[in-house]
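Below is start_21.tsv, holding TSV, C-alpha atoms.
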```tsv
chain	number	residue	atom	x	y	z
A	1	MET	CA	30.45	1.44	10.44
A	2	GLN	CA	27.87	-1.15	9.44
A	3	ALA	CA	25.47	0.04	6.76
A	4	GLN	CA	21.88	0.56	7.83
A	5	GLN	CA	19.43	-2.04	6.57
A	6	GLY	CA	16.58	-0.90	4.37
A	7	ILE	CA	13.05	-0.85	5.78
A	8	PHE	CA	9.97	-1.34	3.62
A	9	ILE	CA	6.63	-0.08	5.03
A	10	SER	CA	3.38	-0.07	3.07
A	11	PHE	CA	0.24	1.93	3.85
A	12	GLU	CA	-3.04	0.21	2.98
A	13	GLY	CA	-6.74	0.96	3.24
A	14	ILE	CA	-9.67	2.21	1.21
A	15	ASP	CA	-9.72	5.77	-0.15
A	16	GLY	CA	-10.81	8.23	2.52
A	17	ALA	CA	-9.09	6.37	5.37
A	18	GLY	CA	-6.45	9.09	5.80
A	19	LYS	CA	-3.29	7.29	4.68
A	20	SER	CA	-1.75	10.29	2.92
A	21	THR	CA	-1.65	12.49	6.03
A	22	HIS	CA	0.24	9.92	8.07
A	23	ILE	CA	2.62	8.61	5.44
A	24	GLN	CA	4.12	12.11	5.15
A	25	ALA	CA	4.29	12.46	8.93
A	26	LEU	CA	6.11	9.14	9.22
A	27	ALA	CA	8.52	10.15	6.45
A	28	ASP	CA	9.32	13.34	8.37
A	29	LEU	CA	9.87	11.37	11.58
A	30	PHE	CA	12.33	8.99	9.96
A	31	LYS	CA	14.19	11.90	8.33
A	32	THR	CA	14.46	13.62	11.70
A	33	SER	CA	16.04	10.45	13.08
A	34	GLY	CA	18.68	10.63	10.36
A	35	ARG	CA	17.33	8.05	7.93
A	36	GLU	CA	17.11	8.47	4.17
A	37	VAL	CA	13.48	8.09	3.07
A	38	THR	CA	12.00	7.11	-0.28
A	39	LEU	CA	8.33	8.11	-0.39
A	40	THR	CA	6.38	6.51	-3.23
A	41	ARG	CA	3.03	5.05	-4.27
A	42	GLU	CA	1.26	2.34	-6.26
A	43	PRO	CA	0.20	2.07	-8.93
A	44	GLY	CA	2.94	4.49	-9.87
A	45	GLY	CA	6.32	5.52	-8.55
A	46	THR	CA	8.11	5.51	-11.91
A	47	GLU	CA	7.50	7.25	-15.22
A	48	LEU	CA	6.21	4.04	-16.80
A	49	ALA	CA	4.17	3.00	-13.77
A	50	GLU	CA	2.50	6.42	-13.57
A	51	LYS	CA	1.34	6.03	-17.19
A	52	LEU	CA	-0.08	2.61	-16.33
A	53	ARG	CA	-1.73	4.13	-13.24
A	54	GLN	CA	-3.69	6.57	-15.37
A	55	MET	CA	-4.93	3.71	-17.53
A	56	VAL	CA	-5.95	1.60	-14.54
A	57	LEU	CA	-7.77	4.48	-12.83
A	58	ASN	CA	-9.54	5.89	-15.86
A	59	ASP	CA	-9.86	3.41	-18.77
A	60	SER	CA	-12.47	0.69	-19.01
A	61	MET	CA	-11.00	-2.84	-18.96
A	62	ASP	CA	-11.70	-6.33	-17.66
A	63	PRO	CA	-10.31	-7.54	-14.30
A	64	LEU	CA	-7.51	-9.62	-15.86
A	65	THR	CA	-6.24	-6.69	-17.93
A	66	GLU	CA	-6.47	-4.47	-14.86
A	67	SER	CA	-4.50	-6.94	-12.75
A	68	LEU	CA	-1.81	-7.40	-15.40
A	69	LEU	CA	-1.32	-3.65	-15.71
A	70	VAL	CA	-1.08	-3.25	-11.93
A	71	PHE	CA	1.56	-5.97	-11.67
A	72	ALA	CA	3.46	-4.62	-14.68
A	73	ALA	CA	3.61	-1.24	-12.94
A	74	ARG	CA	4.73	-2.97	-9.73
A	75	ARG	CA	7.56	-4.83	-11.45
A	76	ASP	CA	8.94	-1.60	-12.89
A	77	HIS	CA	8.48	0.13	-9.54
A	78	LEU	CA	10.32	-2.62	-7.69
A	79	SER	CA	13.25	-2.86	-10.07
A	80	THR	CA	13.61	0.90	-10.62
A	81	VAL	CA	12.82	2.44	-7.23
A	82	ILE	CA	12.07	0.13	-4.31
A	83	LEU	CA	14.86	-2.44	-4.49
A	84	PRO	CA	17.62	0.11	-5.26
A	85	ALA	CA	16.45	2.26	-2.34
A	86	LEU	CA	16.39	-0.69	0.06
A	87	SER	CA	19.86	-1.74	-1.07
A	88	LYS	CA	21.10	1.73	-0.08
A	89	GLY	CA	19.57	1.40	3.39
A	90	HIS	CA	16.65	3.74	2.79
A	91	VAL	CA	13.30	3.61	4.53
A	92	VAL	CA	10.76	3.02	1.75
A	93	LEU	CA	7.24	4.23	2.52
A	94	CYS	CA	4.79	3.11	-0.13
A	95	ASP	CA	1.17	4.22	-0.42
A	96	ARG	CA	-0.29	0.82	-1.29
A	97	PHE	CA	1.41	-2.34	-2.52
A	98	THR	CA	0.28	-5.88	-3.38
A	99	ASP	CA	-2.28	-6.14	-0.58
A	100	ALA	CA	-4.25	-3.47	-2.44
A	101	THR	CA	-4.31	-5.67	-5.54
A	102	PHE	CA	-5.75	-8.58	-3.59
A	103	ALA	CA	-8.24	-6.17	-1.99
A	104	TYR	CA	-9.38	-4.21	-5.05
A	105	GLN	CA	-8.93	-6.63	-7.94
A	106	GLY	CA	-9.42	-9.78	-5.86
A	107	GLY	CA	-12.07	-8.61	-3.40
A	108	GLY	CA	-13.71	-5.70	-5.19
A	109	ARG	CA	-13.61	-7.09	-8.73
A	110	GLY	CA	-13.92	-10.70	-7.66
A	111	PHE	CA	-10.89	-11.73	-9.71
A	112	ASP	CA	-9.29	-15.15	-9.20
A	113	LEU	CA	-6.99	-15.13	-6.14
A	114	THR	CA	-4.91	-18.05	-7.42
A	115	THR	CA	-3.96	-16.04	-10.50
A	116	LEU	CA	-3.12	-13.01	-8.35
A	117	THR	CA	-0.95	-15.19	-6.11
A	118	GLN	CA	0.96	-16.49	-9.14
A	119	LEU	CA	1.48	-12.96	-10.45
A	120	GLU	CA	2.65	-11.86	-7.01
A	121	SER	CA	5.24	-14.64	-6.98
A	122	TRP	CA	6.53	-13.85	-10.49
A	123	VAL	CA	6.71	-10.09	-10.05
A	124	GLN	CA	8.12	-9.93	-6.52
A	125	THR	CA	10.74	-12.67	-6.77
A	126	ASN	CA	14.18	-11.41	-7.79
A	127	GLN	CA	16.68	-13.23	-9.97
A	128	ASP	CA	18.44	-14.43	-6.83
A	129	GLY	CA	15.21	-16.01	-5.61
A	130	ARG	CA	14.42	-13.49	-2.87
A	131	PHE	CA	10.77	-12.53	-2.47
A	132	THR	CA	10.13	-8.86	-1.68
A	133	GLN	CA	7.26	-7.74	0.51
A	134	PRO	CA	6.86	-5.01	3.13
A	135	ASP	CA	8.46	-5.45	6.54
A	136	LEU	CA	5.39	-3.76	8.00
A	137	THR	CA	1.97	-3.00	6.57
A	138	LEU	CA	-0.10	-0.30	8.27
A	139	TRP	CA	-3.73	-1.10	7.46
A	140	PHE	CA	-6.01	1.92	7.95
A	141	VAL	CA	-9.40	0.43	8.79
A	142	LEU	CA	-12.48	2.57	8.18
A	143	GLU	CA	-16.13	1.67	7.68
A	144	PRO	CA	-16.83	2.04	3.93
A	145	GLY	CA	-19.81	4.33	4.44
A	146	ILE	CA	-17.71	6.80	6.44
A	147	ALA	CA	-14.97	6.70	3.80
A	148	ALA	CA	-17.54	7.49	1.10
A	149	GLN	CA	-18.74	10.52	3.07
A	150	ARG	CA	-15.17	11.80	3.43
A	151	LEU	CA	-14.57	11.48	-0.31
A	152	ALA	CA	-17.90	12.96	-1.42
A	153	SER	CA	-16.62	16.52	-1.74
A	154	ALA	CA	-12.88	15.84	-1.96
A	155	ARG	CA	-12.37	15.43	-5.72
A	156	VAL	CA	-13.78	13.96	-8.91
A	157	PRO	CA	-13.83	10.19	-8.26
A	158	ASP	CA	-11.86	7.74	-10.41
A	159	ARG	CA	-13.06	4.28	-11.53
A	160	PHE	CA	-12.52	2.88	-8.03
A	161	GLU	CA	-13.68	5.78	-5.88
A	162	SER	CA	-16.97	5.90	-7.80
A	163	GLN	CA	-17.85	2.30	-6.92
A	164	PRO	CA	-20.82	1.60	-4.59
A	165	VAL	CA	-20.34	0.96	-0.88
A	166	LYS	CA	-20.85	-2.79	-1.44
A	167	PHE	CA	-17.67	-2.82	-3.55
A	168	PHE	CA	-15.66	-1.35	-0.67
A	169	GLU	CA	-17.18	-3.81	1.76
A	170	SER	CA	-15.70	-6.56	-0.41
A	171	VAL	CA	-12.39	-4.68	-0.50
A	172	HIS	CA	-12.42	-4.49	3.30
A	173	SER	CA	-13.11	-8.23	3.58
A	174	ALA	CA	-10.18	-8.99	1.30
A	175	TYR	CA	-7.87	-6.80	3.38
A	176	LEU	CA	-9.07	-8.60	6.50
A	177	SER	CA	-8.27	-11.95	4.93
A	178	ARG	CA	-4.71	-10.85	4.10
A	179	ALA	CA	-4.21	-9.43	7.59
A	180	THR	CA	-5.53	-12.61	9.19
A	181	THR	CA	-3.17	-14.86	7.23
A	182	GLN	CA	-0.13	-12.61	7.76
A	183	PRO	CA	-0.64	-11.17	11.27
A	184	THR	CA	3.02	-10.48	12.03
A	185	ARG	CA	3.32	-8.13	9.03
A	186	PHE	CA	0.06	-6.23	9.47
A	187	SER	CA	-0.66	-3.54	12.05
A	188	LYS	CA	-4.33	-2.59	12.21
A	189	ILE	CA	-4.94	1.17	12.50
A	190	ASP	CA	-8.39	2.41	13.58
A	191	ALA	CA	-8.83	5.24	11.08
A	192	SER	CA	-12.18	6.37	12.52
A	193	GLN	CA	-10.44	8.24	15.34
A	194	SER	CA	-8.99	11.74	15.39
A	195	ILE	CA	-5.86	12.53	13.39
A	196	GLU	CA	-3.86	12.67	16.62
A	197	ALA	CA	-5.17	9.30	17.81
A	198	VAL	CA	-4.49	7.67	14.46
A	199	TRP	CA	-0.96	9.05	14.42
A	200	ALA	CA	-0.39	7.64	17.91
A	201	GLN	CA	-1.27	4.18	16.56
A	202	VAL	CA	1.08	4.59	13.59
A	203	HIS	CA	3.89	5.79	15.83
A	204	SER	CA	3.35	2.91	18.26
A	205	ALA	CA	3.43	0.31	15.46
A	206	VAL	CA	6.76	1.61	14.18
A	207	ILE	CA	8.28	2.01	17.64
A	208	GLY	CA	7.28	-1.59	18.32
A	209	LYS	CA	9.59	-2.69	15.51
A	210	LYS	CA	12.49	-0.84	17.21
A	211	TRP	CA	13.26	1.15	14.06
A	212	LEU	CA	13.01	4.44	15.95
A	213	ALA	CA	13.89	5.58	19.43
A	214	VAL	CA	10.93	6.08	21.77
```
Show the structure stored in the file as structure tokens.
Amino acid sequence: MQAQQGIFISFEGIDGAGKSTHIQALADLFKTSGREVTLTREPGGTELAEKLRQMVLNDSMDPLTESLLVFAARRDHLSTVILPALSKGHVVLCDRFTDATFAYQGGGRGFDLTTLTQLESWVQTNQDGRFTQPDLTLWFVLEPGIAAQRLASARVPDRFESQPVKFFESVHSAYLSRATTQPTRFSKIDASQSIEAVWAQVHSAVIGKKWLAV
């Protein structure tokens, strides 16, 4: 029997867009279909990367330091978790990946996109020259003001969640730019709808890739 090929799906969008609810639901759906699932997140996913996550979310630093820490966490995450899982034929569902770096550090912080692109190339290219990126990116699109209202009473905000709405408008614009330049990878999810309607969009995007039976 031919081994199943790994599938890499990332979930993107600003905080409050509802990614967490649907990433678990999609994990359950793939498991029900008989697939092995690796559910993870960024920054984070490994012991080292989780330590770096806490620094990025809570410690004051300049945009270059922030970007370097995010990519350092990503490199460890890739080599320790993501690539081994894909090589075993797992479905990897990741709450955020490199698009978030271009959105938050590039768009929100206004950091140089050329530098981010170089870091992306270094960190995501393996020794054999293969570049790793998601097979599908589900982008949960929500108006920043609505997202802020959803988060207002959810928890104590971190360095990013506490930013003004204008910051998230820049984040949104950066996501839009990535989605526009890579349309075959991105699937736009209208996160302003009901949970059931949003799930229907997620389900349809995955079914469209023929990774699951209808």
Worksheet entry | Distance of CA of Lys210 (chain A) from CA of Arg130 (chain A), expressed in Å to one decimal place | 23.8 Å
Using only C-alpha atoms, what does the table of region 8-40 of chain A residues within 10 Å of region 68-88 of chain A look like, with each row giving the shortest atom pair and its distance in Å to one decimal, sorted by chain and ascending number, as a Markdown table?
```
| residue | atom | partner | partner_atom | distance |
| --- | --- | --- | --- | --- |
| A:Phe8 | CA | A:Leu86 | CA | 7.4 |
| A:Glu36 | CA | A:Lys88 | CA | 8.9 |
| A:Val37 | CA | A:Ala85 | CA | 8.5 |
| A:Thr38 | CA | A:Ala85 | CA | 6.9 |
| A:Leu39 | CA | A:Ile82 | CA | 9.6 |
| A:Thr40 | CA | A:Val81 | CA | 8.6 |
```
Edge lengths and centre in Å to one decimal, as lines of an AutoDock Vina configuration file, of the axis-aligned box that encloses all listed atoms of region 50-60 of chain A with 6 Å added on every side?
```
center_x = -5.0
center_y = 3.6
center_z = -15.9
size_x = 27.0
size_y = 17.9
size_z = 18.2
```
Can you pull out every residue within 12 Å of region 19-27 of chain A, counting only C-alpha atoms, but drop anything in the same chain fewer than 3 positions away, and send it as a short mmCIF file (atom, residue, chain, number, x, y, z; two decimals) with C-alpha atoms, in the frame of the given file?
```
data_model
loop_
_atom_site.label_atom_id
_atom_site.label_comp_id
_atom_site.auth_asym_id
_atom_site.auth_seq_id
_atom_site.Cartn_x
_atom_site.Cartn_y
_atom_site.Cartn_z
CA ILE A 7 13.05 -0.85 5.78
CA PHE A 8 9.97 -1.34 3.62
CA ILE A 9 6.63 -0.08 5.03
CA SER A 10 3.38 -0.07 3.07
CA PHE A 11 0.24 1.93 3.85
CA GLU A 12 -3.04 0.21 2.98
CA GLY A 13 -6.74 0.96 3.24
CA ILE A 14 -9.67 2.21 1.21
CA ASP A 15 -9.72 5.77 -0.15
CA GLY A 16 -10.81 8.23 2.52
CA PHE A 30 12.33 8.99 9.96
CA LYS A 31 14.19 11.90 8.33
CA THR A 32 14.46 13.62 11.70
CA SER A 33 16.04 10.45 13.08
CA GLY A 34 18.68 10.63 10.36
CA ARG A 35 17.33 8.05 7.93
CA GLU A 36 17.11 8.47 4.17
CA VAL A 37 13.48 8.09 3.07
CA THR A 38 12.00 7.11 -0.28
CA LEU A 39 8.33 8.11 -0.39
CA THR A 40 6.38 6.51 -3.23
CA ARG A 41 3.03 5.05 -4.27
CA HIS A 90 16.65 3.74 2.79
CA VAL A 91 13.30 3.61 4.53
CA VAL A 92 10.76 3.02 1.75
CA LEU A 93 7.24 4.23 2.52
CA CYS A 94 4.79 3.11 -0.13
CA ASP A 95 1.17 4.22 -0.42
CA ARG A 96 -0.29 0.82 -1.29
CA THR A 137 1.97 -3.00 6.57
CA LEU A 138 -0.10 -0.30 8.27
CA TRP A 139 -3.73 -1.10 7.46
CA PHE A 140 -6.01 1.92 7.95
CA VAL A 141 -9.40 0.43 8.79
CA LEU A 142 -12.48 2.57 8.18
CA ALA A 147 -14.97 6.70 3.80
CA ILE A 189 -4.94 1.17 12.50
CA ASP A 190 -8.39 2.41 13.58
CA ALA A 191 -8.83 5.24 11.08
CA SER A 192 -12.18 6.37 12.52
CA SER A 194 -8.99 11.74 15.39
CA ILE A 195 -5.86 12.53 13.39
CA GLU A 196 -3.86 12.67 16.62
CA ALA A 197 -5.17 9.30 17.81
CA VAL A 198 -4.49 7.67 14.46
CA TRP A 199 -0.96 9.05 14.42
CA ALA A 200 -0.39 7.64 17.91
CA GLN A 201 -1.27 4.18 16.56
CA VAL A 202 1.08 4.59 13.59
CA HIS A 203 3.89 5.79 15.83
CA SER A 204 3.35 2.91 18.26
CA ALA A 205 3.43 0.31 15.46
CA VAL A 206 6.76 1.61 14.18
CA ILE A 207 8.28 2.01 17.64
CA TRP A 211 13.26 1.15 14.06
CA LEU A 212 13.01 4.44 15.95
#
```
Worksheet item: What is the CA of Thr184 (chain A)-CA of Gly208 (chain A) distance in Å, reported with one decimal?
Response: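 Computing the Euclidean distance for CA of Thr184 (chain A) and CA of Gly208 (chain A) yields 11.7 Å.
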Discussion item. At a cut-off of 9 Å, using only C-alpha atoms, what residues contact region 168-175 of chain A? Leave out same-chain residues fewer than 5 positions from it and give the result as a count of residues only.
Written reply: 22
Worksheet item: Please, what distance in Å, to one decimal, runs between CA of Asn58 (chain A) and CA of Phe111 (chain A)?
Response: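 Taking CA of Asn58 (chain A) as the start and CA of Phe111 (chain A) as the end point, the length is 18.7 Å.
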